[in-house]
file model14.cif (mmCIF, C-alpha atoms)
data_work
#
loop_
_atom_site.label_atom_id
_atom_site.label_comp_id
_atom_site.auth_asym_id
_atom_site.auth_seq_id
_atom_site.Cartn_x
_atom_site.Cartn_y
_atom_site.Cartn_z
CA MET A 969 -8.03 9.04 11.01
CA ARG A 970 -4.67 7.51 10.11
CA ASP A 971 -1.67 9.73 9.48
CA GLN A 972 -1.50 8.58 5.87
CA SER A 973 -5.10 9.57 5.18
CA LEU A 974 -4.67 12.89 6.94
CA PHE A 975 -1.62 13.74 4.85
CA VAL A 976 -3.40 12.68 1.67
CA LEU A 977 -6.23 15.10 2.51
CA ALA A 978 -3.73 17.83 3.39
CA SER A 979 -1.89 17.27 0.13
CA LEU A 980 -5.10 17.63 -1.87
CA ALA A 981 -6.06 20.79 0.03
CA SER A 982 -3.78 22.77 -2.28
CA GLY A 983 -5.41 21.41 -5.45
CA GLU A 984 -5.83 18.23 -7.46
CA ARG A 985 -2.87 15.87 -7.64
CA HIS A 986 -2.07 12.46 -9.07
CA GLY A 987 -0.95 9.56 -6.87
CA TYR A 988 2.77 10.08 -7.33
CA GLY A 989 2.37 13.81 -6.62
CA ILE A 990 0.44 13.05 -3.44
CA ALA A 991 3.19 10.70 -2.23
CA GLN A 992 5.87 13.31 -2.89
CA ASP A 993 3.92 16.13 -1.26
CA ALA A 994 2.99 14.06 1.81
CA GLU A 995 6.64 13.17 2.37
CA GLU A 996 7.70 16.81 2.06
CA LEU A 997 4.84 18.08 4.22
CA SER A 998 5.58 15.56 6.97
CA GLU A 999 9.33 16.23 6.76
CA GLY A 1000 9.96 12.63 5.75
CA ARG A 1001 7.84 10.98 8.45
CA VAL A 1002 5.11 9.82 6.05
CA ARG A 1003 6.45 7.89 3.08
CA LEU A 1004 3.56 6.48 1.11
CA THR A 1005 3.99 3.31 -0.92
CA ALA A 1006 1.79 2.36 -3.83
CA GLY A 1007 -0.25 -0.17 -1.84
CA THR A 1008 -0.75 2.17 1.11
CA LEU A 1009 -1.66 5.15 -1.04
CA TYR A 1010 -4.03 3.14 -3.21
CA GLY A 1011 -5.81 1.75 -0.15
CA ALA A 1012 -6.02 5.18 1.51
CA LEU A 1013 -7.40 6.85 -1.62
CA ASN A 1014 -10.01 4.11 -2.06
CA ARG A 1015 -11.15 4.43 1.56
CA LEU A 1016 -11.28 8.21 1.36
CA ALA A 1017 -13.22 8.00 -1.92
CA ASP A 1018 -15.66 5.49 -0.39
CA ASP A 1019 -16.21 7.95 2.46
CA GLY A 1020 -16.79 10.77 -0.02
CA LEU A 1021 -13.78 12.78 1.20
CA VAL A 1022 -11.88 12.69 -2.10
CA ALA A 1023 -13.00 12.15 -5.68
CA GLN A 1024 -11.24 11.13 -8.83
CA SER A 1025 -11.09 14.11 -11.16
CA ARG A 1026 -9.40 12.83 -14.33
CA GLU A 1027 -6.86 10.46 -15.83
CA ASP A 1028 -4.12 11.03 -18.32
CA VAL A 1029 -0.95 9.43 -19.61
CA VAL A 1030 2.43 11.11 -19.09
CA ASP A 1031 5.58 9.50 -20.52
CA GLY A 1032 3.62 6.30 -21.03
CA ARG A 1033 2.45 6.21 -17.41
CA ARG A 1034 -1.20 6.29 -16.47
CA ARG A 1035 -1.91 8.96 -13.89
CA ARG A 1036 -5.12 9.32 -11.97
CA TYR A 1037 -5.88 12.68 -10.44
CA TYR A 1038 -7.82 13.23 -7.23
CA ARG A 1039 -9.39 16.28 -5.64
CA LEU A 1040 -10.69 17.09 -2.18
CA THR A 1041 -14.49 17.18 -1.83
CA ALA A 1042 -16.42 19.58 0.41
CA ALA A 1043 -16.79 16.75 2.94
CA GLY A 1044 -13.04 16.20 2.71
CA GLU A 1045 -12.35 19.86 3.47
CA THR A 1046 -14.59 19.63 6.52
CA ALA A 1047 -12.96 16.39 7.68
CA LEU A 1048 -9.48 17.89 7.29
CA ALA A 1049 -10.47 21.00 9.27
CA GLU A 1050 -12.08 18.91 12.03
CA GLU A 1051 -9.15 16.53 12.29
CA THR A 1052 -6.68 19.42 12.37
CA GLU A 1053 -8.69 21.08 15.14
CA ARG A 1054 -8.84 17.82 17.09
CA LEU A 1055 -5.06 17.48 16.87
CA ARG A 1056 -4.60 21.13 17.85
CA SER A 1057 -6.78 20.66 20.96
CA MET A 1058 -4.98 17.47 21.88
CA ALA A 1059 -1.58 19.10 21.42
CA ALA A 1060 -2.67 22.03 23.61
CA ALA A 1061 -3.85 19.72 26.39
CA LEU A 1062 -0.67 17.66 26.27
CA SER A 1063 1.48 20.78 26.14
CA ALA A 1064 -0.26 22.21 29.23
CA ARG A 1065 0.35 18.97 31.11
CA ALA A 1066 3.99 18.87 30.04
CA SER A 1067 4.48 22.49 31.15
CA ALA A 1068 2.90 21.70 34.53
CA ALA A 1069 5.28 18.76 34.98
CA ARG A 1070 8.26 20.98 34.16
CA GLY A 1071 6.98 23.62 36.64
CA ARG A 1072 6.59 21.03 39.43
CA ARG A 1073 10.08 19.72 38.84
CA THR A 1074 11.48 23.25 39.05
CA THR A 1075 9.66 24.13 42.30
CA THR A 1076 10.46 20.82 44.03
CA LYS A 1077 14.12 20.83 43.06
CA PRO A 1078 16.14 20.19 46.25
CA ALA A 1079 18.43 22.98 47.41
CA THR A 1080 22.06 22.32 46.85
CA ALA A 1081 24.56 22.80 49.66
CA MET B 1457 12.67 -6.98 -14.32
CA THR B 1458 11.35 -4.39 -11.84
CA ARG B 1459 8.09 -4.07 -13.69
CA ARG B 1460 7.66 -7.83 -13.97
CA LEU B 1461 8.27 -8.31 -10.25
CA LEU B 1462 5.75 -5.60 -9.38
CA ALA B 1463 3.27 -7.20 -11.79
CA VAL B 1464 3.70 -10.51 -9.99
CA CYS B 1465 3.09 -8.86 -6.60
CA LEU B 1466 0.03 -7.12 -8.02
CA ARG B 1467 -1.56 -10.55 -8.31
CA ALA B 1468 -2.10 -10.44 -4.55
CA TYR B 1469 -5.07 -8.16 -5.31
CA PRO B 1470 -8.45 -9.67 -6.17
CA LYS B 1471 -8.98 -10.14 -9.89
CA ALA B 1472 -11.74 -7.53 -10.12
CA ARG B 1473 -9.42 -4.92 -8.59
CA ARG B 1474 -6.60 -5.85 -10.93
CA GLU B 1475 -8.82 -5.59 -13.95
CA ARG B 1476 -10.13 -2.20 -12.88
CA ASP B 1477 -7.02 -0.53 -11.45
CA GLY B 1478 -4.11 -2.88 -12.13
CA ALA B 1479 -2.45 -0.89 -14.92
CA TYR B 1480 -2.69 2.36 -12.97
CA LEU B 1481 -1.46 0.79 -9.74
CA LEU B 1482 1.45 -0.88 -11.53
CA ASP B 1483 2.51 2.45 -13.06
CA LEU B 1484 2.27 4.15 -9.67
CA ALA B 1485 4.35 1.43 -7.97
CA HIS B 1486 6.92 1.54 -10.75
CA GLU B 1487 7.24 5.32 -10.48
CA LEU B 1488 7.59 5.22 -6.68
CA ALA B 1489 10.05 2.32 -6.87
CA ALA B 1490 12.52 4.59 -8.64
CA GLU B 1491 12.79 6.60 -5.41
CA SER B 1492 12.11 4.24 -2.55
CA GLY B 1493 13.20 0.89 -3.99
CA VAL B 1494 11.37 -1.92 -5.69
CA ARG B 1495 11.38 -4.18 -2.64
CA ARG B 1496 9.43 -1.66 -0.55
CA GLN B 1497 6.85 -1.15 -3.28
CA ALA B 1498 6.58 -4.89 -3.91
CA MET B 1499 5.91 -5.52 -0.23
CA SER B 1500 3.27 -2.81 -0.17
CA LEU B 1501 1.45 -4.39 -3.12
CA VAL B 1502 1.43 -7.83 -1.50
CA ARG B 1503 0.30 -6.41 1.83
CA GLY B 1504 -2.35 -4.21 0.21
CA GLY B 1505 -3.61 -7.03 -1.98
CA LEU B 1506 -3.85 -9.54 0.82
CA GLY B 1507 -5.55 -6.91 2.97
CA GLU B 1508 -8.18 -6.41 0.27
CA ARG B 1509 -8.74 -10.14 -0.01
CA LEU B 1510 -9.12 -10.44 3.76
CA HIS B 1511 -11.50 -7.52 4.13
CA GLY B 1512 -13.27 -7.64 0.79
CA PRO B 1513 -16.68 -9.14 0.15
CA ARG B 1514 -15.19 -12.26 -1.48
CA ARG B 1515 -12.88 -14.08 0.86
CA ARG B 1516 -12.20 -17.17 -1.28
CA GLY B 1517 -8.54 -17.99 -1.09
CA ALA B 1518 -7.97 -15.49 1.66
CA VAL B 1519 -9.07 -17.79 4.47
CA LEU B 1520 -5.70 -19.50 4.34
CA LEU B 1521 -4.01 -16.19 4.85
CA VAL B 1522 -5.83 -15.15 8.03
CA GLY B 1523 -3.50 -14.52 10.91
CA GLY B 1524 -1.96 -11.15 10.29
CA VAL B 1525 -1.56 -8.28 7.93
CA THR B 1526 2.20 -8.23 7.88
CA ALA B 1527 3.59 -9.77 4.76
CA ALA B 1528 7.25 -10.19 3.98
CA VAL B 1529 8.37 -10.47 0.42
CA LEU B 1530 11.63 -12.01 -0.65
CA ALA B 1531 11.89 -11.46 -4.32
CA VAL B 1532 14.46 -12.81 -6.73
CA GLY B 1533 13.90 -12.58 -10.46
CA GLY B 1534 10.32 -13.36 -11.36
CA ALA B 1535 9.50 -15.04 -8.08
CA GLY B 1536 7.80 -13.69 -4.99
CA VAL B 1537 7.37 -15.25 -1.58
CA ALA B 1538 4.99 -13.99 1.08
CA ARG B 1539 4.21 -15.27 4.55
CA VAL B 1540 1.09 -14.21 6.37
CA GLY B 1541 0.40 -15.86 9.67
CA SER B 1542 1.00 -19.57 9.19
CA ALA B 1543 0.31 -19.58 5.45
CA GLU B 1544 2.84 -19.28 2.66
CA VAL B 1545 2.19 -17.91 -0.79
CA GLU B 1546 4.70 -18.25 -3.59
CA VAL B 1547 4.38 -16.76 -7.03
CA GLN B 1548 6.38 -17.50 -10.18
CA ALA B 1549 6.03 -15.56 -13.38
CA CYS B 1550 7.58 -16.33 -16.72
CA ALA B 1551 7.54 -15.39 -20.37
CA GLY B 1552 8.40 -17.42 -23.46
CA ALA B 1553 11.09 -20.07 -23.10
CA ASP B 1554 11.46 -19.43 -19.36
CA CYS B 1555 8.09 -21.03 -18.72
CA ALA B 1556 9.23 -24.65 -18.78
CA SER B 1557 11.11 -24.29 -15.51
CA ALA B 1558 8.32 -22.27 -13.91
CA GLU B 1559 5.78 -24.93 -14.94
CA ALA B 1560 7.98 -27.63 -13.47
CA TRP B 1561 8.28 -25.57 -10.29
CA ALA B 1562 4.47 -25.39 -9.99
CA ALA B 1563 4.14 -29.14 -10.62
CA ASP B 1564 6.67 -29.82 -7.85
CA ARG B 1565 4.71 -27.62 -5.48
CA GLU B 1566 1.46 -29.44 -6.24
CA ARG B 1567 3.11 -32.82 -5.67
CA ALA B 1568 4.28 -31.46 -2.32
CA GLY B 1569 0.69 -30.59 -1.35
CA TRP B 1570 0.50 -26.93 -2.36
CA ARG B 1571 -2.52 -25.56 -4.18
CA CYS B 1572 -1.44 -23.78 -7.35
CA ASP B 1573 -3.50 -21.50 -9.60
CA GLN B 1574 -2.26 -20.54 -13.03
CA SER B 1575 -3.15 -17.29 -14.74
CA SER B 1576 -2.08 -15.88 -18.08
CA SER B 1577 -1.89 -12.50 -19.68
CA LEU B 1578 -0.70 -11.39 -23.10
CA SER B 1579 2.88 -11.04 -21.95
CA ASP B 1580 3.41 -13.60 -19.22
CA VAL B 1581 2.16 -16.60 -17.32
CA SER B 1582 2.20 -16.90 -13.57
CA TRP B 1583 1.48 -19.50 -10.93
CA GLN B 1584 0.39 -18.67 -7.40
CA CYS B 1585 0.87 -21.54 -4.98
CA THR B 1586 -0.50 -21.54 -1.43
CA ARG B 1587 0.27 -23.80 1.51
CA SER B 1588 -1.39 -23.35 4.90
#

call {"tool": "encode", "arguments": {"input": "model14.cif", "output": "structure tokens"}}
result
Amino acid sequence: MRDQSLFVLASLASGERHGYGIAQDAEELSEGRVRLTAGTLYGALNRLADDGLVAQSREDVVDGRRRRYYRLTAAGETALAEETERLRSMAAALSARASAARGRRTTTKPATA
Amino acid sequence: MTRRLLAVCLRAYPKARRERDGAYLLDLAHELAAESGVRRQAMSLVRGGLGERLHGPRRRGAVLLVGGVTAAVLAVGGAGVARVGSAEVEVQACAGADCASAEAWAADRERAGWRCDQSSSLSDVSWQCTRS
């Protein structure tokens, strides 16, 4: 799953949001690493909706702007949990390897005169 | 001006998509452009639209654009320019009295071997010209 899609799911985990709200929340949640544009967000939401992970909940007009709200589906909640667990496992494995490399470097450090 | 430019870039999407979601997508792009800049949003619309044409069920017009998914947009006024692979796509939009020059621009492109399609809405007219 792409980062953008993952952050869209994570954003919707706290409740329904409209597109602009998702973009703002994803940027905040990712500490600025994920900045969704209209084209990217629209494509991601369509793909996630096609996969049954999100669903459109309603539309309204605020200050003359059409806003479309989305919510996470049960399948979306499962996908988010699974993807989060996959990333957690991967991070743990990489962290263990990085710690081992640091340990080797410490034990093989040549003695100084 | 911002809204018109985004509307021009929106034409990169297939017509069916534009008719279904165009107004919503334009509002979303316009809202995001206030924070991240119109150029970034315009590029995303062109890239997203061309991506849909390339991967959608109807590929008419998209064949010329095969070769990559990276589109660059240089936008000045009501004009947009995109390059995908070896193909070029230029778009001109106009309203009212401005249309004479845009029409002449499209005629020049066709004489030079470009293929130009004209489309009209209530508020503007645009030409999309493609050269492979």

call {"tool": "closest_atom_pairs", "arguments": {"input": "model14.cif", "of": "chain A", "to": "chain B", "cutoff": "7 Å", "atoms": "all atoms listed in the file", "output": "JSON lines"}}
result
{"residue": "A:Gly987", "atom": "CA", "partner": "B:Leu1484", "partner_atom": "CA", "distance": 6.9}
{"residue": "A:Tyr988", "atom": "CA", "partner": "B:Leu1484", "partner_atom": "CA", "distance": 6.4}
{"residue": "A:Thr1005", "atom": "CA", "partner": "B:Gln1497", "partner_atom": "CA", "distance": 5.8}
{"residue": "A:Ala1006", "atom": "CA", "partner": "B:Ala1485", "partner_atom": "CA", "distance": 5.0}
{"residue": "A:Gly1007", "atom": "CA", "partner": "B:Ser1500", "partner_atom": "CA", "distance": 4.7}
{"residue": "A:Thr1008", "atom": "CA", "partner": "B:Ser1500", "partner_atom": "CA", "distance": 6.5}
{"residue": "A:Gly1011", "atom": "CA", "partner": "B:Gly1504", "partner_atom": "CA", "distance": 6.9}
{"residue": "A:Arg1033", "atom": "CA", "partner": "B:Asp1483", "partner_atom": "CA", "distance": 5.8}
{"residue": "A:Arg1034", "atom": "CA", "partner": "B:Tyr1480", "partner_atom": "CA", "distance": 5.5}
{"residue": "A:Arg1035", "atom": "CA", "partner": "B:Tyr1480", "partner_atom": "CA", "distance": 6.7}

call {"tool": "atom_distance", "arguments": {"input": "model14.cif", "atom1": "atom CA of A:Leu1004", "atom2": "atom CA of B:Arg1459"}}
result
18.7 Å

call {"tool": "atom_distance", "arguments": {"input": "model14.cif", "atom1": "atom CA of A:Arg1036", "atom2": "atom CA of A:Ile990"}}
result
10.8 Å

call {"tool": "atom_distance", "arguments": {"input": "model14.cif", "atom1": "atom CA of A:Arg1065", "atom2": "atom CA of A:Glu1050"}}
result
22.8 Å

call {"tool": "closest_residue", "arguments": {"input": "model14.cif", "among": "A:Val1029, A:Leu1013, A:Met1058, A:Val976", "to": "A:Glu1045", "atoms": "all atoms listed in the file"}}
result
A:Val976

call {"tool": "resolve_selection", "arguments": {"input": "model14.cif", "expression": "the PyMOL selection byres ((chain A and resi 969) around 10)", "output": "list in words"}}
result
Arg970, Asp971, Gln972, Ser973, Leu974, Ala1047, Leu1048 and Glu1051 of chain A

call {"tool": "axis_aligned_box", "arguments": {"input": "model14.cif", "around": "stretch 1490-1496 of chain B", "padding_each_side": "3 Å", "output": "JSON"}}
result
{"center_x": 11.3, "center_y": 1.2, "center_z": -4.6, "size_x": 9.8, "size_y": 16.8, "size_z": 14.1}

call {"tool": "residues_near_point", "arguments": {"input": "model14.cif", "point": "(3.4, -23.5, 2.6)", "cutoff": "6 Å", "atoms": "only C-alpha atoms", "output": "PyMOL selection string"}}
result
chain B and resi 1543-1544+1586-1588

call {"tool": "closest_residue", "arguments": {"input": "model14.cif", "among": "B:Arg1495, B:Cys1555, B:Ala1563, B:Val1545", "to": "B:Leu1461", "atoms": "all atoms listed in the file"}}
result
B:Arg1495

call {"tool": "residues_around", "arguments": {"input": "model14.cif", "residues": "stretch 995-1001 of chain A", "least_positions_apart": "6", "cutoff": "9 Å", "atoms": "all atoms listed in the file", "output": "list in words"}}
result
Phe975, Ala978 and Ser979 of chain A

call {"tool": "residues_around", "arguments": {"input": "model14.cif", "residues": "A:Tyr1038", "least_positions_apart": "5", "cutoff": "10 Å", "atoms": "all atoms listed in the file", "output": "JSON, numbers by chain"}}
result
{"A": [976, 980, 983, 984, 985, 986, 987, 990, 1013, 1017, 1022, 1023, 1024, 1025, 1026, 1027]}
